[in-house]
$ cat upload.txt   # compact mmCIF, C-alpha atoms
# COMPACT_ATOMS: atom_id res chain seq x y z
CA MET A 7 135.62 -77.26 -74.80
CA SER A 8 138.77 -75.54 -73.62
CA ALA A 9 142.17 -77.06 -74.38
CA ILE A 10 144.05 -79.24 -71.92
CA ARG A 11 147.26 -77.24 -71.46
CA ASN A 12 147.99 -77.06 -67.72
CA ILE A 13 148.52 -80.44 -66.07
CA LEU A 14 149.12 -80.84 -62.33
CA CYS A 15 150.78 -84.04 -61.16
CA PRO A 16 150.99 -84.47 -57.36
CA VAL A 17 153.67 -87.02 -56.42
CA ASP A 18 155.10 -88.71 -53.33
CA LEU A 19 158.20 -90.10 -55.10
CA SER A 20 156.73 -93.62 -55.07
CA PRO A 21 156.74 -95.97 -58.10
CA ILE A 22 153.05 -95.29 -58.76
CA SER A 23 153.75 -91.55 -58.72
CA HIS A 24 156.45 -92.19 -61.32
CA ARG A 25 153.85 -94.03 -63.41
CA ALA A 26 151.39 -91.16 -63.05
CA LEU A 27 154.05 -88.67 -64.13
CA GLU A 28 154.73 -90.77 -67.22
CA TYR A 29 151.08 -90.37 -68.20
CA ALA A 30 151.08 -86.65 -67.41
CA VAL A 31 154.11 -86.18 -69.66
CA ALA A 32 152.60 -88.29 -72.45
CA ILE A 33 149.42 -86.18 -72.37
CA GLY A 34 151.47 -82.99 -72.25
CA ARG A 35 153.42 -84.04 -75.32
CA ALA A 36 150.30 -85.07 -77.23
CA LEU A 37 148.40 -81.85 -76.43
CA ASN A 38 151.33 -79.40 -76.33
CA GLY A 39 150.80 -78.77 -72.64
CA ARG A 40 152.91 -78.14 -69.58
CA VAL A 41 153.24 -80.23 -66.43
CA LYS A 42 153.64 -78.97 -62.88
CA VAL A 43 154.97 -81.65 -60.52
CA LEU A 44 153.95 -81.01 -56.93
CA GLU A 45 155.24 -82.69 -53.78
CA VAL A 46 153.37 -81.84 -50.59
CA VAL A 47 155.22 -82.45 -47.33
CA ASP A 48 152.80 -82.79 -44.44
CA THR A 49 154.73 -81.31 -41.52
CA ALA A 50 152.15 -82.25 -38.90
CA LEU A 51 153.41 -84.26 -35.95
CA PRO A 52 151.36 -86.99 -34.21
CA PRO A 53 148.94 -85.30 -31.80
CA LEU A 54 149.59 -85.10 -28.11
CA PRO A 55 146.21 -85.51 -26.36
CA PRO A 56 144.13 -83.51 -25.94
CA GLY A 57 145.60 -80.74 -28.10
CA PRO A 58 145.59 -80.29 -31.89
CA TRP A 59 148.29 -81.58 -34.18
CA PRO A 60 151.37 -79.35 -33.90
CA ARG A 61 153.27 -78.46 -37.07
CA VAL A 62 156.97 -78.21 -37.71
CA GLU A 63 158.12 -75.24 -39.75
CA MET A 64 159.91 -76.26 -42.94
CA THR A 65 163.35 -74.65 -42.95
CA GLY A 66 165.16 -73.46 -46.05
CA GLU A 67 167.55 -76.37 -45.76
CA MET A 68 164.68 -78.86 -45.62
CA ARG A 69 163.03 -77.27 -48.65
CA ARG A 70 166.26 -77.39 -50.66
CA ALA A 71 166.66 -81.07 -49.79
CA TYR A 72 163.11 -81.89 -50.91
CA CYS A 73 163.58 -79.86 -54.11
CA GLY A 74 166.79 -81.75 -54.86
CA GLU A 75 165.04 -85.11 -54.52
CA LEU A 76 162.18 -83.89 -56.68
CA GLN A 77 164.60 -82.59 -59.34
CA THR A 78 166.09 -86.07 -59.59
CA PHE A 79 162.63 -87.65 -59.70
CA VAL A 80 161.55 -85.57 -62.73
CA GLU A 81 164.76 -85.88 -64.78
CA PHE A 82 163.22 -88.41 -67.16
CA ALA A 83 160.17 -86.16 -67.65
CA ARG A 84 162.28 -83.19 -68.70
CA GLU A 85 164.00 -85.33 -71.31
CA GLN A 86 160.59 -85.89 -72.94
CA LEU A 87 158.78 -82.61 -72.33
CA ARG A 88 160.38 -79.19 -72.25
CA ASP A 89 157.87 -77.46 -69.98
CA VAL A 90 158.08 -79.35 -66.67
CA GLU A 91 157.98 -77.32 -63.46
CA ILE A 92 158.51 -78.56 -59.91
CA SER A 93 157.09 -77.25 -56.67
CA VAL A 94 157.37 -78.27 -53.01
CA ALA A 95 154.67 -77.24 -50.56
CA ASP A 96 154.19 -77.99 -46.90
CA GLY A 97 150.97 -78.43 -44.98
CA PRO A 98 147.84 -80.58 -45.30
CA VAL A 99 148.13 -82.56 -48.51
CA VAL A 100 144.66 -82.25 -50.06
CA PRO A 101 144.24 -78.47 -49.56
CA ARG A 102 147.70 -77.84 -51.02
CA ILE A 103 146.91 -79.95 -54.09
CA LEU A 104 143.63 -78.12 -54.64
CA GLU A 105 145.25 -74.73 -54.08
CA ALA A 106 147.88 -75.57 -56.72
CA ALA A 107 145.16 -76.69 -59.12
CA GLY A 108 143.30 -73.43 -58.61
CA SER A 109 146.31 -71.16 -58.97
CA MET A 110 147.61 -72.66 -62.24
CA PRO A 111 144.68 -73.02 -63.11
CA ALA A 112 144.89 -76.75 -63.90
CA ASP A 113 142.97 -78.26 -66.79
CA LEU A 114 143.77 -81.77 -65.56
CA ILE A 115 145.13 -83.44 -62.41
CA VAL A 116 147.05 -86.69 -62.86
CA MET A 117 147.79 -88.75 -59.77
CA GLY A 118 148.52 -92.34 -58.88
CA THR A 119 146.45 -94.63 -56.67
CA HIS A 120 147.98 -97.44 -54.70
CA GLY A 121 145.53 -100.15 -55.79
CA ARG A 122 143.89 -102.45 -53.27
CA GLY A 123 146.69 -101.89 -50.80
CA GLY A 124 146.03 -98.16 -50.67
CA PHE A 125 142.85 -96.83 -52.25
CA ASP A 126 140.75 -99.77 -51.09
CA ARG A 127 142.05 -99.65 -47.54
CA PHE A 128 141.72 -95.88 -47.17
CA VAL A 129 138.59 -95.27 -49.25
CA VAL A 130 137.01 -92.95 -46.70
CA GLY A 131 139.33 -89.99 -46.19
CA SER A 132 141.94 -91.01 -48.75
CA ILE A 133 143.85 -88.32 -50.61
CA VAL A 134 142.71 -89.52 -54.03
CA GLU A 135 139.09 -89.77 -52.93
CA LYS A 136 139.09 -86.21 -51.53
CA VAL A 137 140.78 -84.77 -54.61
CA LEU A 138 138.27 -86.53 -56.87
CA ARG A 139 135.37 -84.98 -54.97
CA LYS A 140 136.81 -81.47 -54.66
CA ALA A 141 138.97 -80.87 -57.74
CA PRO A 142 138.04 -77.91 -59.98
CA CYS A 143 138.98 -79.94 -63.07
CA PRO A 144 139.00 -83.54 -64.31
CA VAL A 145 141.23 -86.02 -62.48
CA LEU A 146 143.13 -88.88 -64.11
CA ALA A 147 143.63 -91.65 -61.53
CA VAL A 148 146.44 -94.03 -62.50
CA PRO A 149 146.14 -97.39 -60.70
CA SER A 150 149.30 -99.30 -59.83
CA SER A 151 148.23 -102.16 -62.12
CA THR A 152 148.30 -100.07 -65.31
CA ALA A 153 150.88 -100.47 -68.04
CA ASP A 154 153.77 -98.05 -68.47
CA ALA A 155 152.90 -94.90 -70.38
CA HIS A 156 155.91 -95.66 -72.59
CA ALA A 157 153.94 -98.64 -73.87
CA HIS A 158 150.82 -96.49 -74.33
CA PRO A 159 152.02 -92.98 -75.24
CA VAL A 160 148.55 -92.14 -76.54
CA PHE A 161 145.05 -93.39 -75.79
CA ARG A 162 144.14 -95.62 -78.71
CA THR A 163 141.09 -97.30 -77.15
CA ILE A 164 138.84 -95.40 -74.75
CA VAL A 165 135.79 -96.70 -72.90
CA CYS A 166 133.49 -93.79 -72.04
CA ALA A 167 130.69 -94.56 -69.56
CA ILE A 168 127.50 -92.71 -70.53
CA ASP A 169 124.42 -92.40 -68.32
CA PHE A 170 123.16 -89.32 -70.22
CA ALA A 171 123.72 -86.98 -67.25
CA PRO A 172 125.57 -83.72 -68.04
CA ALA A 173 128.77 -84.92 -66.36
CA SER A 174 129.02 -88.04 -68.50
CA LEU A 175 128.31 -86.07 -71.67
CA ALA A 176 131.09 -83.65 -70.64
CA GLY A 177 133.27 -86.73 -70.19
CA LEU A 178 132.51 -87.66 -73.78
CA GLN A 179 134.06 -84.38 -74.94
CA TYR A 180 137.22 -85.12 -72.96
CA ALA A 181 137.33 -88.62 -74.42
CA LYS A 182 137.22 -87.08 -77.89
CA ARG A 183 140.02 -84.67 -76.98
CA LEU A 184 142.29 -87.41 -75.61
CA ALA A 185 141.61 -90.10 -78.22
CA ALA A 186 144.46 -90.82 -80.61
CA ARG A 187 143.91 -90.13 -84.27
CA GLY A 188 142.45 -93.27 -85.78
CA GLY A 189 141.58 -94.55 -82.30
CA ARG A 190 138.53 -96.35 -80.98
CA LEU A 191 135.88 -94.87 -78.71
CA ILE A 192 133.43 -97.26 -77.02
CA LEU A 193 130.35 -95.68 -75.46
CA ALA A 194 129.16 -97.93 -72.62
CA HIS A 195 125.72 -97.71 -71.04
CA SER A 196 124.20 -99.97 -68.39
CA ILE A 197 120.41 -100.12 -68.35
CA GLY A 198 118.56 -100.28 -65.06
CA TRP A 199 117.47 -103.91 -64.74
CA PRO A 200 115.88 -105.48 -61.62
CA PHE A 201 115.72 -109.07 -62.93
CA GLY A 202 119.33 -110.14 -62.55
CA GLU A 203 122.20 -110.31 -65.02
CA ASP A 204 121.72 -113.86 -66.29
CA THR A 205 119.62 -113.28 -69.40
CA SER A 206 119.76 -116.88 -70.66
CA LYS A 207 116.76 -118.15 -68.65
CA MET A 208 114.42 -115.18 -68.78
CA PRO A 209 110.78 -115.68 -69.84
CA PRO A 210 110.17 -114.37 -73.36
CA PRO A 211 108.16 -111.28 -72.26
CA ILE A 212 110.89 -110.23 -69.80
CA ASP A 213 113.62 -110.83 -72.36
CA ALA A 214 111.67 -108.80 -74.92
CA LEU A 215 111.47 -105.92 -72.43
CA ARG A 216 115.24 -106.08 -71.88
CA ARG A 217 115.90 -106.00 -75.61
CA SER A 218 113.54 -103.05 -76.00
CA LEU A 219 115.34 -101.10 -73.27
CA GLU A 220 118.71 -101.88 -74.85
CA ARG A 221 117.48 -100.67 -78.26
CA ASP A 222 116.18 -97.43 -76.75
CA ALA A 223 119.50 -96.87 -74.97
CA ALA A 224 121.42 -97.54 -78.19
CA VAL A 225 119.35 -94.86 -79.95
CA ARG A 226 120.20 -92.35 -77.24
CA LEU A 227 123.88 -93.33 -77.40
CA ARG A 228 123.93 -92.72 -81.14
CA GLN A 229 122.44 -89.29 -80.51
CA ALA A 230 125.13 -88.61 -77.92
CA ALA A 231 127.80 -89.74 -80.37
CA LYS A 232 126.64 -87.03 -82.76
CA ARG A 233 127.96 -84.48 -80.24
CA ILE A 234 131.50 -85.35 -81.28
CA ASP A 235 133.27 -85.05 -84.58
CA ARG A 236 133.64 -88.62 -85.82
CA ALA A 237 136.45 -87.77 -88.23
CA GLY A 238 139.33 -90.13 -87.50
CA LEU A 239 137.53 -91.94 -84.69
CA ASP A 240 135.92 -95.38 -84.71
CA VAL A 241 132.87 -95.07 -82.43
CA ALA A 242 131.16 -98.21 -81.11
CA LEU A 243 128.27 -98.79 -78.68
CA ASP A 244 128.11 -101.26 -75.79
CA VAL A 245 124.75 -101.55 -74.01
CA ARG A 246 124.19 -104.23 -71.35
CA ALA A 247 121.75 -105.13 -68.58
CA GLU A 248 124.50 -105.26 -66.00
CA LYS A 249 125.72 -103.45 -62.90
CA PRO A 250 127.44 -100.28 -64.13
CA TYR A 251 130.84 -100.91 -62.53
CA ALA A 252 130.90 -104.55 -63.72
CA HIS A 253 129.91 -103.45 -67.22
CA ILE A 254 132.58 -100.74 -67.40
CA LEU A 255 135.34 -103.03 -66.13
CA ARG A 256 134.32 -105.91 -68.39
CA CYS A 257 134.16 -103.63 -71.40
CA ALA A 258 137.58 -102.14 -70.59
CA ARG A 259 139.15 -105.59 -70.32
CA GLU A 260 137.48 -107.03 -73.40
CA GLN A 261 138.47 -104.03 -75.50
CA ALA A 262 141.99 -103.77 -73.99
CA ALA A 263 141.20 -100.14 -73.18
CA ASP A 264 143.94 -97.58 -72.60
CA LEU A 265 141.57 -95.26 -70.72
CA ILE A 266 138.19 -95.24 -68.95
CA VAL A 267 136.23 -91.97 -68.80
CA MET A 268 133.45 -91.45 -66.26
CA GLY A 269 131.26 -88.57 -65.17
CA LEU A 270 130.84 -87.63 -61.51
CA HIS A 271 127.47 -86.10 -60.73
CA SER A 272 127.59 -82.74 -58.99
CA HIS A 273 124.62 -83.64 -56.81
CA ALA A 274 126.42 -86.73 -55.48
CA SER A 275 129.42 -85.14 -53.79
CA ASN A 276 129.59 -87.94 -51.24
CA GLU A 277 129.36 -90.71 -53.83
CA LEU A 278 132.93 -91.88 -53.40
CA ALA A 279 132.52 -92.16 -49.64
CA LEU A 280 130.18 -95.08 -50.25
CA LEU A 281 132.06 -98.37 -50.46
CA GLY A 282 129.69 -99.67 -53.10
CA SER A 283 129.87 -96.68 -55.46
CA THR A 284 130.44 -97.25 -59.15
CA THR A 285 133.41 -94.89 -59.27
CA ASN A 286 135.10 -96.52 -56.30
CA HIS A 287 134.70 -100.00 -57.78
CA VAL A 288 136.04 -98.94 -61.15
CA ILE A 289 139.10 -97.11 -59.82
CA ARG A 290 140.00 -99.99 -57.50
CA ASP A 291 139.90 -102.65 -60.23
CA ALA A 292 140.54 -100.77 -63.47
CA PRO A 293 143.16 -102.24 -65.83
CA CYS A 294 144.00 -98.74 -67.10
CA PRO A 295 143.84 -95.09 -65.98
CA VAL A 296 140.42 -93.66 -65.12
CA LEU A 297 139.46 -90.07 -65.99
CA THR A 298 136.70 -88.61 -63.83
CA VAL A 299 134.84 -85.52 -65.04
CA ARG A 300 132.43 -83.62 -62.85
CA ARG A 301 131.12 -80.93 -65.18
CA ALA A 302 131.70 -79.14 -68.45
CA PRO A 303 134.92 -77.07 -68.52
CA ASP A 304 133.14 -73.78 -69.19
CA ALA A 305 131.15 -74.21 -65.96
CA VAL A 306 134.19 -74.53 -63.72
CA VAL A 307 134.85 -71.71 -61.26
CA VAL A 308 138.31 -72.12 -59.74
CA ARG A 309 138.89 -71.23 -56.12
CA GLY A 310 141.99 -72.21 -54.19
CA SER A 311 142.05 -71.76 -50.43
CA GLU A 312 141.99 -74.11 -47.52
CA LYS A 313 138.64 -72.77 -46.34
CA SER A 314 136.92 -73.06 -49.70
CA VAL A 315 138.05 -76.55 -50.64
CA LEU A 316 137.36 -78.51 -47.48
$ encode --input "upload.txt" --output "structure tokens"
Amino acid sequence: MSAIRNILCPVDLSPISHRALEYAVAIGRALNGRVKVLEVVDTALPPLPPGPWPRVEMTGEMRRAYCGELQTFVEFAREQLRDVEISVADGPVVPRILEAAGSMPADLIVMGTHGRGGFDRFVVGSIVEKVLRKAPCPVLAVPSSTADAHAHPVFRTIVCAIDFAPASLAGLQYAKRLAARGGRLILAHSIGWPFGEDTSKMPPPIDALRRSLERDAAVRLRQAAKRIDRAGLDVALDVRAEKPYAHILRCAREQAADLIVMGLHSHASNELALLGSTTNHVIRDAPCPVLTVRRAPDAVVVRGSEKSVL
């Protein structure tokens, strides 16, 4: 897998953007990377029926003012990481973020979500949701409920959701890359189970079937674990007959995880538009940042234009 060197952090100068930048800087320091902080100013005015949305041209004075505010916003980051660049762009937010990711090219995008007040309310059409579906690289979503990166400068405990699809196995490689030396890596797999999650009152034959499925899954997880170098990492398995999102969240809370890693399947590009999707549930309620990985790094073809990304 290629190294994580170029990190893009889109911000809107909000507290959650500050939190996301803390994580971007912490990762940059740990992996000897650089961080580009991007603020996109959407200059569209409210539409006047029946015409399209008009746009206001950003003047040099406006750009200097935005750059000044952004310089102040990133002062703390430059005290911790030497290579921090700022950029102000104007136009539609999502295309500009994806264009910046393509032109770097970014190995990782780090951005904040606004929890239930933001991501939950604007699931369909939200900026984070669109970036997750279209980004040419993994995306680290930092919920507003997460702890300060200062308290967690490295990822000591990582929960990696594995469903044995290529995207989740690629996620396992990222989990290995981001795990702190001497850290813990929990591989979580939820078996398909149509008989409910209360296993205490199951008839013996049904319970035996569940246990058999869990054993088979554990064998496959151990095989997946062999794909990573175990030196310096404590690898554990967590297999449950439970809804995937509930299993991932429970595991993250029980293990006091610093990071959740999930794969996004390339054939399910509209997954996050579904209110009941696993990814949506996890990002809304996660107690820590969530890294989403769509495919292996070597398979990524970066393109950055408004036409190609939307």
$ atom_distance --input "upload.txt" --atom1 "atom CA of A:Ala194" --atom2 "atom CA of A:Asp291"
17.1 Å
$ residues_around --input "upload.txt" --residues "A:Gln86" --least-positions-apart "2" --cutoff "12 Å" --atoms "only C-alpha atoms" --output "list in words"
Leu27, Glu28, Tyr29, Ala30, Val31, Ala32, Ile33, Gly34, Arg35, Ala36, Asn38, Arg40, Val41, Val80, Glu81, Phe82, Ala83, Arg84, Arg88, Asp89, Val90, His156 and Pro159 of chain A
$ closest_atom_pairs --input "upload.txt" --of "stretch 133-173 of chain A" --to "stretch 226-244 of chain A" --cutoff "12 Å" --atoms "only C-alpha atoms" --output "JSON lines"
{"residue": "A:Phe161", "atom": "CA", "partner": "A:Leu239", "partner_atom": "CA", "distance": 11.7}
{"residue": "A:Arg162", "atom": "CA", "partner": "A:Leu239", "partner_atom": "CA", "distance": 9.6}
{"residue": "A:Thr163", "atom": "CA", "partner": "A:Asp240", "partner_atom": "CA", "distance": 9.4}
{"residue": "A:Ile164", "atom": "CA", "partner": "A:Val241", "partner_atom": "CA", "distance": 9.7}
{"residue": "A:Val165", "atom": "CA", "partner": "A:Asp244", "partner_atom": "CA", "distance": 9.4}
{"residue": "A:Cys166", "atom": "CA", "partner": "A:Leu243", "partner_atom": "CA", "distance": 9.8}
{"residue": "A:Ala167", "atom": "CA", "partner": "A:Asp244", "partner_atom": "CA", "distance": 9.5}
{"residue": "A:Ile168", "atom": "CA", "partner": "A:Leu227", "partner_atom": "CA", "distance": 7.8}
{"residue": "A:Asp169", "atom": "CA", "partner": "A:Leu227", "partner_atom": "CA", "distance": 9.1}
{"residue": "A:Phe170", "atom": "CA", "partner": "A:Ala230", "partner_atom": "CA", "distance": 8.0}
{"residue": "A:Ala171", "atom": "CA", "partner": "A:Ala230", "partner_atom": "CA", "distance": 10.9}
{"residue": "A:Pro172", "atom": "CA", "partner": "A:Ala230", "partner_atom": "CA", "distance": 11.0}
$ atom_distance --input "upload.txt" --atom1 "atom CA of A:Gly97" --atom2 "atom CA of A:Thr49"
5.9 Å
$ atom_distance --input "upload.txt" --atom1 "atom CA of A:Ala258" --atom2 "atom CA of A:Ile192"
9.1 Å
$ closest_residue --input "upload.txt" --among "A:Cys143, A:Ala262, A:Leu219, A:Val137" --to "A:Arg190" --atoms "all atoms listed in the file"
A:Ala262
$ residues_near_point --input "upload.txt" --point "(142.2, -83.2, -53.4)" --cutoff "6 Å" --atoms "all atoms listed in the file" --output "JSON, numbers by chain"
{"A": [100, 103, 104, 136, 137, 140, 141]}
$ closest_residue --input "upload.txt" --among "A:Leu44, A:Ala173, A:Val299, A:Ala252" --to "A:Met110" --atoms "only C-alpha atoms"
A:Leu44
$ closest_residue --input "upload.txt" --among "A:Val99, A:Thr298, A:Ile254, A:Glu63" --to "A:Gly269" --atoms "all atoms listed in the file"
A:Thr298
$ closest_residue --input "upload.txt" --among "A:Cys294, A:Ser93, A:Ser151, A:Glu220" --to "A:Gln261" --atoms "only C-alpha atoms"
A:Cys294
